[in-house]
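A.B. asks: Take this structure, written in structure tokens, and hold onto it; I'll ask about it next.
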Amino acid sequence: MHSRISIVTVIAILLATGASVANPGGNGDADRDYTCGGSCHGDPALSTPSDGTVSVSVDSTIFSGTATAVHVTASGMSLSGNRLLGVFLLGSADGNGDHPEDHGWSIVQDPNGGSHNYVEVVVPSSGSVTMTWVMLAPQTLGTANLFVATHHGSNPNSNNWAYSGLTRGYTVDVQPVPENLPGFAFDWKPETRVTGDTSPTVIRTTNTTSVSVQWMLEGEWIPHEAEVSGEGDEWHAQIPATIGDTRIQYQVTTSNGEFSITQPWLTVATQPAPFDGDIWDARLQGLALALLVTAFLLSLQARLSPWEGGPAPDMTLEVEAETAPPEPPGLEPKGPGEEVAYLARLVKYDEHPGVLWDPVEEEWVDDPDFGGDE
Amino acid sequence: MFGAATFHAAMAEIVVGSMVLASLCAIGCSVGSIFPNILGGRLSSERMMLTMDKASIAGASLGLAFIPIAALSGSFAADNTVNNALLYNKFVYTGLAAGFWAAFVIGRIRLGPRLWEHRSLSVLQGATATMAILMTTMASSIGGKLVRGESLFDIMPIWLPSDSATVLNPIVSIVLLLVGTGSLFAVFKLGPKAERIEAD
């Protein structure tokens, strides 16, 4: 019975590892070609087409070098236990050189506040998630394509498959920008702020004589006006600090008297304050704790174990026995052999019940079998 | 050649594997001595206790010897930088694990195999081994969190604090280090001498 339980337990533990796949915790946001999706996950034995639906919303015509928003909505896919979804925004699906920037685009901001073409998001319980990339259109005129690829898992996932999906190419017609159109500088990317930082957000522009900024918390409907200062091509907008998990969105309107362009909504990218410990702090602290714990436990062991100089055990009875004065002569306690010899010499007479005759001491003594002691 | 991360993984496996054996056997010894009738007395039989005692001291000694190697290789694998609380806590938990295991091994060597016959010492050794394996698994689970983003602790009800770290000022750490060293000196040289427990 016990061996059966042991075998079942071992098998259960081994089977439990099957729920784990290559990178269940994701790989983090990064700049990636479609190669990542086409190499490991391209093997038909390791992957299967995604069962989700991906839709992409992007203006079909945009001016070169101007900002545009690319909205990607993924829904209906199976997900692993941590509900992680990896999404690529690509300029092609060749396997290399697929990053949008290889095709002339510039990513101003990704859905997580960075500027990567691959992001990982946790899909809410609704099963649908919308992500927005804010991009600057290529400087080269003509048509440009955008593809979206997705990676996700499934729960349960008995085959350990990676689920991957790839959309069709969404064609964007890049038109020549009207002369003197105000907008973001092509190489500008929003700065990442540390949580609690109230320093102004720097915005760099081209062909712009004035800038206005509106901001609102994610989920709010009515935006607030931000104070903006600056001139030329660099502007400073006073947007409140982000605290905790709150996300602040802001929208920049660039104007020059001739045009006024409302740019796509951006997110204030925030990151936790940098960690203030270093490796020597960690080593010292670890070593100090090791020594303290060892010393404490060793002293406890010494306290609980028999040790020289410790509290002496209670030996009162033994000491009293050793130091007691000797019994008077004739009253010394008899040993077991003496007792037997003493009883053997006693003579019993029927006419004197209850007593025995001691011929040595020449006296009558009580018969112990009769109930008397002596 | 192979990377520091690969070497670290191998060393960590040796540490965790031998420590698991050591802690299971130590807890077995402790339980067997406190509840002699458990499992029909088979756990507390002399042969079983002797086997578990030897396995626990062997596993703990092996693991303890490999902890510094695992810690150093892990440090190299992280490019000798600590830039987040998880990594910092990995060092702290490694230090705590080393402390508990060192106390376990030293105590067992000083007091001898008959320490399990003393109820209070048996409880202390069992508790030390439990804490030691908890610290060891926390340190190794943080490694899983860092590399793979998941850990077995994710599905367990126990998860000690690791997402935020208490970073002590180096001066405070040095003072604690000196206090620890002084305490060890006091325990070994000035305090009561723990004697090897012999048969009655």
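Convention: chains lettered A, B, ... in structure tokens order; per-chain residue numbering from 1; ligands numbered from 1 as shown.
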Residues near B:Gln125, anyone? I mean within 8 Å using only C-alpha atoms, not counting same-chain ones fewer than 6 positions away, as a list in words.

C.D. replies: Ala26, Ser30 and Phe104 of chain B

A.B. asks: Okay, now the selection with all heavy atoms, as a compact mmCIF listing (two decimals), in the first residue's frame?

C.D. replies:
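Wrote it out as result.txt, contents follow:
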```
# COMPACT_ATOMS: atom_id res chain seq x y z
N ALA B 26 16.83 14.97 8.91
CA ALA B 26 16.89 15.64 10.21
C ALA B 26 15.50 15.76 10.83
O ALA B 26 15.31 15.52 12.03
CB ALA B 26 17.52 17.03 10.06
N SER B 30 14.12 14.08 14.26
CA SER B 30 13.47 14.87 15.29
C SER B 30 12.09 14.30 15.63
O SER B 30 11.75 14.12 16.80
CB SER B 30 13.34 16.32 14.79
OG SER B 30 12.93 17.16 15.80
N PHE B 104 23.54 23.82 12.16
CA PHE B 104 23.10 22.42 12.19
C PHE B 104 24.30 21.48 12.19
O PHE B 104 24.39 20.55 13.01
CB PHE B 104 22.22 22.15 10.96
CG PHE B 104 21.73 20.74 10.87
CD1 PHE B 104 20.55 20.36 11.50
CD2 PHE B 104 22.43 19.78 10.16
CE1 PHE B 104 20.09 19.05 11.42
CE2 PHE B 104 21.99 18.47 10.08
CZ PHE B 104 20.82 18.10 10.72
```

A.B. asks: Residues of chain A were defined as contacting chain B if any atom lay at most 9 Å from it, counting only C-alpha atoms; please report them as a PyMOL selection string.

C.D. replies: chain A and resi 22-27+274-310

A.B. asks: With N, CA and C atoms retained, could you export that selection as a compact mmCIF listing (two decimals), in the first residue's frame?

C.D. replies:
```
# COMPACT_ATOMS: atom_id res chain seq x y z
N ALA A 22 8.59 26.51 -22.21
CA ALA A 22 9.91 27.12 -22.36
C ALA A 22 10.09 28.40 -21.55
N ASN A 23 9.29 29.40 -21.84
CA ASN A 23 9.44 30.68 -21.13
C ASN A 23 8.07 31.14 -20.63
N PRO A 24 7.54 30.45 -19.65
CA PRO A 24 6.18 30.78 -19.22
C PRO A 24 6.07 32.17 -18.62
N GLY A 25 7.20 32.69 -18.12
CA GLY A 25 7.15 34.03 -17.53
C GLY A 25 7.43 35.12 -18.55
N GLY A 26 7.57 34.74 -19.82
CA GLY A 26 7.84 35.72 -20.86
C GLY A 26 9.31 36.08 -20.94
N ASN A 27 9.64 36.89 -21.92
CA ASN A 27 11.02 37.32 -22.11
C ASN A 27 11.20 38.81 -21.92
N PRO A 274 15.23 53.55 -9.02
CA PRO A 274 16.34 52.59 -9.14
C PRO A 274 16.69 51.98 -7.80
N PHE A 275 17.05 50.71 -7.83
CA PHE A 275 17.38 50.00 -6.60
C PHE A 275 18.67 50.57 -6.02
N ASP A 276 18.64 50.84 -4.72
CA ASP A 276 19.78 51.57 -4.13
C ASP A 276 20.77 50.66 -3.40
N GLY A 277 20.66 49.37 -3.57
CA GLY A 277 21.66 48.48 -2.96
C GLY A 277 22.67 48.03 -4.00
N ASP A 278 23.85 47.65 -3.55
CA ASP A 278 24.79 47.07 -4.51
C ASP A 278 25.28 45.72 -3.99
N ILE A 279 26.13 45.10 -4.77
CA ILE A 279 26.48 43.71 -4.47
C ILE A 279 27.24 43.57 -3.16
N TRP A 280 28.03 44.60 -2.81
CA TRP A 280 28.79 44.49 -1.56
C TRP A 280 27.88 44.67 -0.35
N ASP A 281 26.84 45.50 -0.51
CA ASP A 281 25.83 45.60 0.55
C ASP A 281 25.21 44.23 0.79
N ALA A 282 24.85 43.59 -0.34
CA ALA A 282 24.18 42.28 -0.23
C ALA A 282 25.10 41.24 0.38
N ARG A 283 26.36 41.23 -0.06
CA ARG A 283 27.30 40.24 0.48
C ARG A 283 27.53 40.45 1.98
N LEU A 284 27.73 41.71 2.36
CA LEU A 284 27.99 42.00 3.78
C LEU A 284 26.79 41.63 4.63
N GLN A 285 25.61 42.01 4.14
CA GLN A 285 24.39 41.73 4.91
C GLN A 285 24.17 40.22 5.03
N GLY A 286 24.38 39.50 3.94
CA GLY A 286 24.21 38.05 3.97
C GLY A 286 25.18 37.39 4.93
N LEU A 287 26.43 37.82 4.87
CA LEU A 287 27.46 37.22 5.75
C LEU A 287 27.18 37.55 7.22
N ALA A 288 26.78 38.81 7.47
CA ALA A 288 26.48 39.20 8.85
C ALA A 288 25.33 38.38 9.41
N LEU A 289 24.28 38.20 8.61
CA LEU A 289 23.14 37.40 9.08
C LEU A 289 23.55 35.95 9.31
N ALA A 290 24.42 35.43 8.43
CA ALA A 290 24.88 34.05 8.59
C ALA A 290 25.59 33.88 9.93
N LEU A 291 26.50 34.81 10.24
CA LEU A 291 27.25 34.70 11.51
C LEU A 291 26.34 34.85 12.72
N LEU A 292 25.39 35.80 12.63
CA LEU A 292 24.49 36.02 13.77
C LEU A 292 23.63 34.79 14.03
N VAL A 293 23.08 34.23 12.94
CA VAL A 293 22.21 33.06 13.10
C VAL A 293 23.01 31.89 13.67
N THR A 294 24.21 31.69 13.13
CA THR A 294 25.05 30.58 13.62
C THR A 294 25.37 30.75 15.11
N ALA A 295 25.79 31.96 15.47
CA ALA A 295 26.15 32.21 16.86
C ALA A 295 24.96 32.00 17.79
N PHE A 296 23.81 32.50 17.38
CA PHE A 296 22.61 32.37 18.22
C PHE A 296 22.24 30.89 18.42
N LEU A 297 22.24 30.14 17.32
CA LEU A 297 21.83 28.74 17.43
C LEU A 297 22.85 27.91 18.20
N LEU A 298 24.13 28.21 18.01
CA LEU A 298 25.15 27.45 18.76
C LEU A 298 25.06 27.73 20.25
N SER A 299 24.78 28.98 20.60
CA SER A 299 24.65 29.27 22.03
C SER A 299 23.41 28.58 22.60
N LEU A 300 22.36 28.50 21.77
CA LEU A 300 21.15 27.81 22.23
C LEU A 300 21.44 26.31 22.42
N GLN A 301 22.20 25.75 21.49
CA GLN A 301 22.55 24.33 21.62
C GLN A 301 23.36 24.09 22.90
N ALA A 302 24.32 24.99 23.13
CA ALA A 302 25.15 24.83 24.33
C ALA A 302 24.31 24.95 25.59
N ARG A 303 23.33 25.84 25.55
CA ARG A 303 22.48 26.03 26.73
C ARG A 303 21.63 24.80 27.01
N LEU A 304 21.17 24.16 25.94
CA LEU A 304 20.27 23.02 26.12
C LEU A 304 21.01 21.72 26.37
N SER A 305 22.29 21.68 26.04
CA SER A 305 23.03 20.43 26.18
C SER A 305 23.73 20.38 27.53
N PRO A 306 24.18 19.19 27.96
CA PRO A 306 24.98 19.12 29.20
C PRO A 306 26.29 19.88 28.99
N TRP A 307 26.63 20.77 29.91
CA TRP A 307 27.85 21.55 29.73
C TRP A 307 28.52 21.79 31.05
N GLU A 308 29.84 21.99 30.97
CA GLU A 308 30.64 22.21 32.17
C GLU A 308 30.19 23.50 32.84
N GLY A 309 29.92 23.45 34.15
CA GLY A 309 29.53 24.65 34.87
C GLY A 309 28.05 24.94 34.82
N GLY A 310 27.28 24.07 34.19
CA GLY A 310 25.86 24.27 34.10
C GLY A 310 25.21 23.97 35.44
```

A.B. asks: Residues within 10 Å of A:Trp235, please, as a list in words. Count only C-alpha atoms; anything in the same chain fewer than 5 positions from it doesn't count.

C.D. replies: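 Listing them by chain and then by number gives Pro200, Thr201, Val202, Ile203, Arg204, Thr205, Ser210, Val211, Ser212, Val228, Ser229 and Gly230 of chain A.
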
A.B. asks: Step one, run DSSP on the backbone; step two, keep only residues of stretch 126-282 of chain A assigned to strand (DSSP E or B); then write them as a VMD selection string.

C.D. replies: chain A and resid 128 to 136 142 to 152 162 to 166 170 to 175 183 to 184 193 to 194 201 to 206 210 to 217 224 to 231 234 to 238 248 to 255 260 to 262 266 to 267 270 to 271

A.B. asks: Work out how far atom CA of A:Gly113 is from atom CA of A:Gln139, in Å to one decimal.

C.D. replies: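 Atom CA of A:Gly113 lies at a distance of 23.6 Å from atom CA of A:Gln139.
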
A.B. asks: Excluding B:Glu46 and residues on its chain fewer than 5 positions from it, collect all residues at most 12 Å away from it, counting only C-alpha atoms, and give them as a ChimeraX atom specification.

C.D. replies: /B:29,32-33,36,41,51-53,113-114,116-117

A.B. asks: Once you have the residues from the selection above, write them out as a CSV table (one decimal), in the first residue's frame, restricted to C-alpha atoms.

C.D. replies:
```
chain,number,residue,atom,x,y,z
B,29,CYS,CA,15.2,12.1,13.4
B,32,GLY,CA,11.2,9.9,15.6
B,33,SER,CA,12.7,11.0,18.9
B,36,PRO,CA,8.8,7.3,19.4
B,41,GLY,CA,8.0,2.7,16.1
B,51,THR,CA,20.8,6.0,9.0
B,52,MET,CA,18.8,9.3,9.0
B,53,ASP,CA,21.4,10.9,11.3
B,113,PRO,CA,24.7,11.4,17.3
B,114,ARG,CA,23.1,11.0,20.7
B,116,TRP,CA,18.5,13.2,19.1
B,117,GLU,CA,17.9,11.4,22.4
```

A.B. asks: Find the residues near A:Val365: any atom within 8 Å, counting only C-alpha atoms, skip ones fewer than 3 places away on the same chain, and give them as a list in words.

C.D. replies: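 Near neighbours after the sequence-gap exclusion: Val355, Leu356, Trp357, Asp358 and Glu374 of chain A.
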
A.B. asks: With N, CA, C and O atoms retained, export the selected residues as a compact mmCIF listing (two decimals), in the first residue's frame.

C.D. replies:
```
# COMPACT_ATOMS: atom_id res chain seq x y z
N VAL A 355 4.27 -16.60 66.99
CA VAL A 355 5.65 -16.26 67.40
C VAL A 355 6.58 -17.39 67.02
O VAL A 355 6.15 -18.53 66.83
N LEU A 356 7.87 -17.02 66.87
CA LEU A 356 8.92 -18.00 66.53
C LEU A 356 10.03 -17.87 67.56
O LEU A 356 10.26 -16.80 68.13
N TRP A 357 10.76 -18.99 67.82
CA TRP A 357 11.86 -18.99 68.78
C TRP A 357 13.18 -18.80 68.04
O TRP A 357 13.50 -19.47 67.07
N ASP A 358 13.94 -17.73 68.49
CA ASP A 358 15.29 -17.49 67.95
C ASP A 358 16.27 -18.13 68.90
O ASP A 358 16.51 -17.61 69.99
N GLU A 374 8.19 -8.63 63.98
CA GLU A 374 9.35 -9.15 64.71
C GLU A 374 8.92 -9.67 66.05
O GLU A 374 8.03 -9.06 66.66
```

A.B. asks: What is the distance, in Å and to one decimal place, between atom CA of A:Pro176 and atom CA of A:Ser64?

C.D. replies: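 Taking atom CA of A:Pro176 as the start and atom CA of A:Ser64 as the end point, the length is 5.7 Å.
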
A.B. asks: Which residues, written as JSON, numbers by chain, have at least one atom at most 8 Å from B:Leu64, with only C-alpha atoms counted and residues fewer than 2 positions away on the same chain left out?

C.D. replies: {"B": [15, 60, 61, 62, 66, 67, 68, 98, 101, 102]}

A.B. asks: Can you tell me how far atom CA of A:Thr73 sits from atom CA of A:Ser55, in Å to one decimal?

C.D. replies: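 Atom CA of A:Ser55 lies 5.2 Å from atom CA of A:Thr73.
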
A.B. asks: I'd like the contact shell of A:Thr143 - 6 Å cut-off, only C-alpha atoms, skipping same-chain residues fewer than 3 positions apart - returned as a list in words.

C.D. replies: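 Counting only the stated atoms, we get Val172, Asp173 and Val174 of chain A.
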
A.B. asks: Generate the output file for the selected residues, N, CA and C atoms, as an mmCIF file, in the first residue's frame.

C.D. replies:
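The result, stored in result33.cif:
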```cif
data_model
loop_
_atom_site.group_PDB
_atom_site.id
_atom_site.type_symbol
_atom_site.label_atom_id
_atom_site.label_comp_id
_atom_site.auth_asym_id
_atom_site.auth_seq_id
_atom_site.Cartn_x
_atom_site.Cartn_y
_atom_site.Cartn_z
ATOM 1 N N VAL A 172 -0.112 51.072 -45.497
ATOM 2 C CA VAL A 172 -0.273 52.494 -45.181
ATOM 3 C C VAL A 172 0.347 53.287 -46.321
ATOM 4 N N ASP A 173 -0.406 54.246 -46.806
ATOM 5 C CA ASP A 173 0.096 55.093 -47.891
ATOM 6 C C ASP A 173 0.752 56.327 -47.276
ATOM 7 N N VAL A 174 2.027 56.461 -47.460
ATOM 8 C CA VAL A 174 2.767 57.582 -46.860
ATOM 9 C C VAL A 174 2.832 58.720 -47.881
#
```

A.B. asks: Nearest residue to A:Glu258 out of A:Asn180, A:Thr242, A:Ser199, A:Thr323, using only C-alpha atoms?

C.D. replies: A:Asn180

A.B. asks: Going by DSSP on the backbone, which residues of stretch 92-195 of chain B come out as helix (DSSP H, G or I)? List them as a ChimeraX atom specification.

C.D. replies: /B:92-111,113-117,119-148,152-155,170-190
